[in-house]
Amino acid sequence: MKKRIALLISISLLLSLLLAACSTESGNTEPRNEPGQVSEEKGTDPESNEVPEWQTKPIELTFALRFYGENDDTNPIYLNIKKFTEKYPNIKVVRDRQFAVEQSDTDELEILTAKAMEGKLPDIFYSPLSAEAYDRELTLDLTPFLEADPESKWISEHARSFMTTYDGKEIYGIPWMSVSQFPALNLGLLKENNIAIPPYNWTYEDYEHLRKEVAKLTPNNPIFPGMIEFIDFGPHYFDSIPNGWKGFNVDTRKFDFTDSKKFGEWLDLVSKEGKEGLHFWDMKEGDRKKKVGNLAWPWGDGLEAVSNVWMYALSSDVNELIKKRKMNIDIYPMPQAPDGGTTSLHGYYDTLSLSSALSDDPVKAEAAFQLLKWLTYGVEGLKSRWALIDEYTGLPEDAPLRAEDRLMDFIQGWPVTTDPEVLKNHPLVKGFKEDSELAIFNFPAFQNVEFQQMLSNPVPFPRNIPAVAKAYETLDPWKIRNQIRDEGKKYSDIAPEWDALMNKTLDDYMREYNKK
């Protein structure tokens, strides 16, 4: 079933090539597009000079996604779907209300599975646990669609790897966004204490120098250096472990803290700083209250020089910190990694998949893919998504939907396309008018092309690999730090122990997974 659509499309492309060859032999030298490419000017299939059937045949698609709210009229992703159906009025998109409410990924997977058994699997759906969805044969292989689409060449390397099934056989979905974590600096704190502000093209050495300057003031002042949270992806950043999320090596499919020696050096540093009282959360409660009173959010209360911001929380964080608390903060790219490391961001990809049942209906499958492309990496769909910001900016404060209040729901993270011409149109890259309420989101770092590319290509949380996410539930890397800080243990001694524990846990989960 899952392979039938690939076969049909392959046959279609072969016939197109044969027709093109016959046309050339008969003297027709009119320029032609690549097989399967749709003419932008005429909106027709260049191989038949007719409008493709998916644009003329009445088609109803069911769509399942719980994000951005239950009300379709105030849900930016559904507002963008309406733009799609306005362009292609033959297509009707109906939201499956069973997936409109908040629920866990595990529950959603079970509902999807039950619907598949009933023959009611949504045509397009958020794939909550991608490996499991693939193994349960819920997803359609998107390989032939992407191979026929020239725009797909711009999909980032890490996104494409994440889209690919763990066995390398199929492409199960496409991310509609990547959400990375990146550094932020409290410029107000630095200026007040005459500490030099680093350039955007800073290095890890610059970062540590900045923290040391703040640390000199910490003993006698209620301020702290803060830190970039390398705890989750330090093995990749410091030691270039493939993927490296929480020590997991995606090439060997094993945990590898043992070879993450520079990550261990970072943990040693963090442990030492904790003992010296340089970390807000490492202080005993009584000492902390004596130093800062009842303040409980060191970053939000302006006590830390360095912190971290998740892309999905950018709107709420900026509104809280800059608009409400009047703080002077700035977004920064990742500092260049030290020798032996890899400068990168880490993040999550949220993917949409097509129903495997569409293998029985190639025309409907093509329509579903075109909507999928519109919502993920396609140029036209991205421009439509971002244009909604202008439509919902400047509305009364009591309006049910305002871009000023929910900017990231409109932007939806960062697209996985690396096309620099497309990224120039990203709202955070273009910026907002200085007299706009959204001008507080004008961070110069987003003008950095290298940073833009990293945002499209973060190192992914590997939930596309069976049992890894389950194994992560038992792993808190801060416990490794605690052993070093509180028990005086050496990283070189405990790293192999953690590898053995986590690899056994992973093997145990894999055995259980394979039984299902």
# chains A, B, ... in the order shown; residues from 1 in each chain; ligands from 1
>>> residues_around(residues="Glu60 of chain A", least_positions_apart="6", cutoff="8 Å", atoms="only C-alpha atoms", output="list of chain:residue names")
A:Ile91, A:Lys92, A:Val93, A:Val94
>>> closest_atom_pairs(of="segment 303-369 of chain A", to="segment 137-151 of chain A", cutoff="10 Å", atoms="only C-alpha atoms", output="Markdown table")
| residue | atom | partner | partner_atom | distance |
| --- | --- | --- | --- | --- |
| A:Leu352 | CA | A:Thr139 | CA | 9.7 |
| A:Ser353 | CA | A:Thr139 | CA | 6.1 |
| A:Leu354 | CA | A:Leu140 | CA | 5.4 |
| A:Ser355 | CA | A:Thr139 | CA | 5.0 |
| A:Ser356 | CA | A:Leu140 | CA | 4.1 |
| A:Ala357 | CA | A:Leu140 | CA | 7.6 |
| A:Leu358 | CA | A:Leu140 | CA | 7.2 |
| A:Ser359 | CA | A:Leu140 | CA | 7.1 |
| A:Ala365 | CA | A:Leu140 | CA | 9.0 |
| A:Glu366 | CA | A:Phe145 | CA | 8.0 |
| A:Phe369 | CA | A:Phe145 | CA | 7.4 |
>>> residues_around(residues="Pro400 of chain A", least_positions_apart="2", cutoff="8 Å", atoms="only C-alpha atoms", output="PyMOL selection string")
chain A and resi 74+398+402
>>> residues_around(residues="Pro496 of chain A", least_positions_apart="4", cutoff="12 Å", atoms="only C-alpha atoms", output="PyMOL selection string")
chain A and resi 247+254-261+264+480+490-492+500-503
>>> atom_distance(atom1="atom CA of Gly347 of chain A", atom2="atom CA of Val179 of chain A")
5.3 Å
>>> closest_residue(among="A:Leu295, A:Arg325, A:Lys470, A:Pro225", to="Thr505 of chain A", atoms="only C-alpha atoms")
A:Lys470
>>> residues_around(residues="Asp317 of chain A", least_positions_apart="6", cutoff="12 Å", atoms="only C-alpha atoms", output="PyMOL selection string")
chain A and resi 184+299-300+307-311+323-327+329-331+405-408+440-441
>>> select_by_dssp(residues="segment 58-160 of chain A", states="strand (DSSP E)", output="list of chain:residue names")
A:Ile59, A:Glu60, A:Leu61, A:Thr62, A:Phe63, A:Ala64, A:Ile91, A:Lys92, A:Val93, A:Val94, A:Arg95, A:Ile124, A:Phe125, A:Tyr126
>>> write_last_selection(atoms="N, CA, C and O atoms", output="tab-separated table (two decimals), in the first residue's frame")
chain	number	residue	atom	x	y	z
A	59	ILE	N	-12.09	18.08	-4.06
A	59	ILE	CA	-11.34	17.27	-3.10
A	59	ILE	C	-11.59	17.80	-1.69
A	59	ILE	O	-11.57	19.00	-1.47
A	60	GLU	N	-11.83	16.89	-0.78
A	60	GLU	CA	-11.95	17.26	0.63
A	60	GLU	C	-10.82	16.60	1.41
A	60	GLU	O	-10.62	15.39	1.33
A	61	LEU	N	-10.07	17.43	2.13
A	61	LEU	CA	-8.97	16.95	2.94
A	61	LEU	C	-9.28	17.16	4.42
A	61	LEU	O	-9.78	18.21	4.81
A	62	THR	N	-8.99	16.15	5.21
A	62	THR	CA	-9.12	16.31	6.66
A	62	THR	C	-7.74	16.63	7.24
A	62	THR	O	-6.73	16.06	6.83
A	63	PHE	N	-7.74	17.55	8.19
A	63	PHE	CA	-6.50	18.07	8.75
A	63	PHE	C	-6.56	17.94	10.26
A	63	PHE	O	-7.58	18.28	10.88
A	64	ALA	N	-5.46	17.47	10.87
A	64	ALA	CA	-5.45	17.25	12.32
A	64	ALA	C	-4.23	17.91	12.94
A	64	ALA	O	-3.10	17.48	12.69
A	91	ILE	N	-10.61	22.67	-3.53
A	91	ILE	CA	-10.17	21.90	-2.37
A	91	ILE	C	-10.83	22.44	-1.10
A	91	ILE	O	-10.78	23.64	-0.83
A	92	LYS	N	-11.41	21.56	-0.35
A	92	LYS	CA	-12.01	21.90	0.93
A	92	LYS	C	-11.21	21.21	2.03
A	92	LYS	O	-10.89	20.03	1.92
A	93	VAL	N	-10.86	21.96	3.07
A	93	VAL	CA	-10.09	21.40	4.17
A	93	VAL	C	-10.95	21.44	5.43
A	93	VAL	O	-11.44	22.50	5.82
A	94	VAL	N	-11.13	20.29	6.03
A	94	VAL	CA	-11.96	20.16	7.23
A	94	VAL	C	-11.07	19.73	8.40
A	94	VAL	O	-10.31	18.77	8.28
A	95	ARG	N	-11.19	20.44	9.50
A	95	ARG	CA	-10.39	20.10	10.68
A	95	ARG	C	-11.04	18.96	11.44
A	95	ARG	O	-12.25	19.00	11.72
A	124	ILE	N	-3.95	14.80	6.52
A	124	ILE	CA	-2.73	15.48	6.96
A	124	ILE	C	-2.80	15.57	8.48
A	124	ILE	O	-3.82	16.00	9.03
A	125	PHE	N	-1.73	15.20	9.14
A	125	PHE	CA	-1.78	15.21	10.60
A	125	PHE	C	-0.40	15.48	11.18
A	125	PHE	O	0.63	15.20	10.58
A	126	TYR	N	-0.43	16.06	12.37
A	126	TYR	CA	0.78	16.23	13.16
A	126	TYR	C	1.24	14.85	13.59
A	126	TYR	O	0.46	14.07	14.14
>>> closest_residue(among="A:Asn194, A:Asn482, A:Asn186, A:Gln412", to="Pro298 of chain A", atoms="only C-alpha atoms")
A:Asn186
>>> closest_residue(among="A:Lys120, A:Arg253, A:Lys82, A:Arg97", to="Ile465 of chain A", atoms="only C-alpha atoms")
A:Arg253
>>> closest_residue(among="A:Pro333, A:Ile231, A:Val214, A:Thr106", to="Lys479 of chain A", atoms="only C-alpha atoms")
A:Ile231
>>> residues_around(residues="Phe99 of chain A", least_positions_apart="6", cutoff="8 Å", atoms="only C-alpha atoms", output="PyMOL selection string")
chain A and resi 64-66+108
>>> residues_around(residues="Phe238 of chain A", least_positions_apart="4", cutoff="8 Å", atoms="only C-alpha atoms", output="list in words")
Gly234, Ser260, Lys262, Phe263, Ala337, Pro338, Asp339, Gly340, Gly341 and Thr342 of chain A
>>> atom_distance(atom1="atom CA of Ser316 of chain A", atom2="atom CA of Gln103 of chain A")
21.9 Å
>>> select_by_dssp(residues="segment 297-332 of chain A", states="helix (DSSP H, G or I)", output="number ranges by chain")
A: 311-324
>>> closest_residue(among="A:Asp301, A:Glu437, A:Asp350, A:Asp135", to="Ile174 of chain A", atoms="only C-alpha atoms")
A:Asp350
>>> decode(residues="segment 429-461 of chain A", atoms="N, CA, C and O atoms", output="CSV table (one decimal), in the first residue's frame")
chain,number,residue,atom,x,y,z
A,429,VAL,N,13.7,38.8,10.2
A,429,VAL,CA,14.8,39.3,9.4
A,429,VAL,C,14.5,40.7,8.8
A,429,VAL,O,15.3,41.6,8.9
A,430,LYS,N,13.3,40.8,8.3
A,430,LYS,CA,12.9,42.1,7.7
A,430,LYS,C,12.7,43.2,8.8
A,430,LYS,O,13.1,44.3,8.6
A,431,GLY,N,12.3,42.7,10.0
A,431,GLY,CA,12.0,43.7,11.1
A,431,GLY,C,10.7,44.4,10.9
A,431,GLY,O,10.0,44.2,9.9
A,432,PHE,N,10.4,45.2,11.9
A,432,PHE,CA,9.1,45.9,12.0
A,432,PHE,C,9.4,47.4,12.1
A,432,PHE,O,10.5,47.9,12.5
A,433,LYS,N,8.4,48.2,11.6
A,433,LYS,CA,8.6,49.6,11.6
A,433,LYS,C,8.8,50.1,13.1
A,433,LYS,O,8.3,49.6,14.0
A,434,GLU,N,9.7,51.1,13.2
A,434,GLU,CA,10.1,51.6,14.5
A,434,GLU,C,8.9,52.1,15.3
A,434,GLU,O,9.0,52.1,16.5
A,435,ASP,N,7.9,52.6,14.7
A,435,ASP,CA,6.7,53.1,15.4
A,435,ASP,C,5.7,52.0,15.7
A,435,ASP,O,4.6,52.3,16.2
A,436,SER,N,6.0,50.8,15.3
A,436,SER,CA,5.1,49.6,15.5
A,436,SER,C,5.4,49.1,16.9
A,436,SER,O,6.5,49.1,17.5
A,437,GLU,N,4.3,48.5,17.5
A,437,GLU,CA,4.4,47.9,18.8
A,437,GLU,C,5.3,46.6,18.7
A,437,GLU,O,5.8,46.2,19.7
A,438,LEU,N,5.5,46.1,17.4
A,438,LEU,CA,6.3,44.9,17.2
A,438,LEU,C,7.8,45.3,17.1
A,438,LEU,O,8.6,44.4,16.9
A,439,ALA,N,8.1,46.5,17.1
A,439,ALA,CA,9.5,47.0,16.9
A,439,ALA,C,10.4,46.4,18.0
A,439,ALA,O,11.6,46.3,17.9
A,440,ILE,N,9.8,46.0,19.2
A,440,ILE,CA,10.6,45.4,20.2
A,440,ILE,C,11.2,44.0,19.8
A,440,ILE,O,12.1,43.5,20.5
A,441,PHE,N,10.8,43.5,18.7
A,441,PHE,CA,11.3,42.2,18.1
A,441,PHE,C,12.4,42.5,17.1
A,441,PHE,O,12.8,41.5,16.5
A,442,ASN,N,12.8,43.7,16.9
A,442,ASN,CA,13.9,44.0,16.0
A,442,ASN,C,15.3,43.7,16.6
A,442,ASN,O,15.9,44.6,17.1
A,443,PHE,N,15.7,42.5,16.5
A,443,PHE,CA,17.0,42.1,17.0
A,443,PHE,C,18.0,42.0,15.9
A,443,PHE,O,17.8,41.2,14.9
A,444,PRO,N,19.1,42.7,15.9
A,444,PRO,CA,20.1,42.7,14.8
A,444,PRO,C,20.6,41.3,14.5
A,444,PRO,O,21.0,41.0,13.4
A,445,ALA,N,20.7,40.4,15.5
A,445,ALA,CA,21.2,39.1,15.3
A,445,ALA,C,20.5,38.4,14.1
A,445,ALA,O,21.2,37.6,13.4
A,446,PHE,N,19.2,38.6,14.0
A,446,PHE,CA,18.5,37.9,12.9
A,446,PHE,C,18.9,38.4,11.5
A,446,PHE,O,18.5,37.8,10.5
A,447,GLN,N,19.7,39.5,11.4
A,447,GLN,CA,20.2,39.9,10.1
A,447,GLN,C,21.4,39.1,9.7
A,447,GLN,O,21.8,39.2,8.6
A,448,ASN,N,22.0,38.4,10.7
A,448,ASN,CA,23.2,37.6,10.4
A,448,ASN,C,22.8,36.3,9.6
A,448,ASN,O,22.0,35.5,10.1
A,449,VAL,N,23.3,36.3,8.4
A,449,VAL,CA,23.0,35.2,7.5
A,449,VAL,C,23.3,33.8,8.0
A,449,VAL,O,22.6,32.8,7.9
A,450,GLU,N,24.5,33.7,8.6
A,450,GLU,CA,24.9,32.4,9.2
A,450,GLU,C,24.0,32.0,10.3
A,450,GLU,O,23.6,30.8,10.4
A,451,PHE,N,23.5,33.0,11.1
A,451,PHE,CA,22.6,32.7,12.2
A,451,PHE,C,21.2,32.2,11.6
A,451,PHE,O,20.6,31.2,12.1
A,452,GLN,N,20.8,32.8,10.5
A,452,GLN,CA,19.6,32.4,9.8
A,452,GLN,C,19.7,31.0,9.4
A,452,GLN,O,18.7,30.2,9.5
A,453,GLN,N,20.8,30.6,8.8
A,453,GLN,CA,21.0,29.2,8.4
A,453,GLN,C,21.0,28.2,9.5
A,453,GLN,O,20.4,27.1,9.4
A,454,MET,N,21.6,28.6,10.6
A,454,MET,CA,21.5,27.7,11.8
A,454,MET,C,20.1,27.5,12.3
A,454,MET,O,19.7,26.5,12.8
A,455,LEU,N,19.3,28.6,12.3
A,455,LEU,CA,17.9,28.5,12.7
A,455,LEU,C,17.1,27.6,11.9
A,455,LEU,O,16.2,26.9,12.3
A,456,SER,N,17.5,27.5,10.6
A,456,SER,CA,16.8,26.5,9.7
A,456,SER,C,17.3,25.1,9.8
A,456,SER,O,16.7,24.2,9.3
A,457,ASN,N,18.4,25.0,10.5
A,457,ASN,CA,19.1,23.7,10.5
A,457,ASN,C,19.6,23.3,11.9
A,457,ASN,O,20.8,22.9,12.1
A,458,PRO,N,18.8,23.4,13.0
A,458,PRO,CA,19.3,23.0,14.3
A,458,PRO,C,19.5,21.5,14.4
A,458,PRO,O,18.9,20.8,13.7
A,459,VAL,N,20.4,21.2,15.3
A,459,VAL,CA,20.6,19.7,15.6
A,459,VAL,C,19.3,19.2,16.3
A,459,VAL,O,18.9,19.7,17.3
A,460,PRO,N,18.7,18.2,15.7
A,460,PRO,CA,17.3,17.8,16.2
A,460,PRO,C,17.3,16.9,17.4
A,460,PRO,O,18.1,16.0,17.5
A,461,PHE,N,16.4,17.2,18.3
A,461,PHE,CA,16.0,16.2,19.3
A,461,PHE,C,15.6,14.9,18.6
A,461,PHE,O,14.6,15.0,17.8
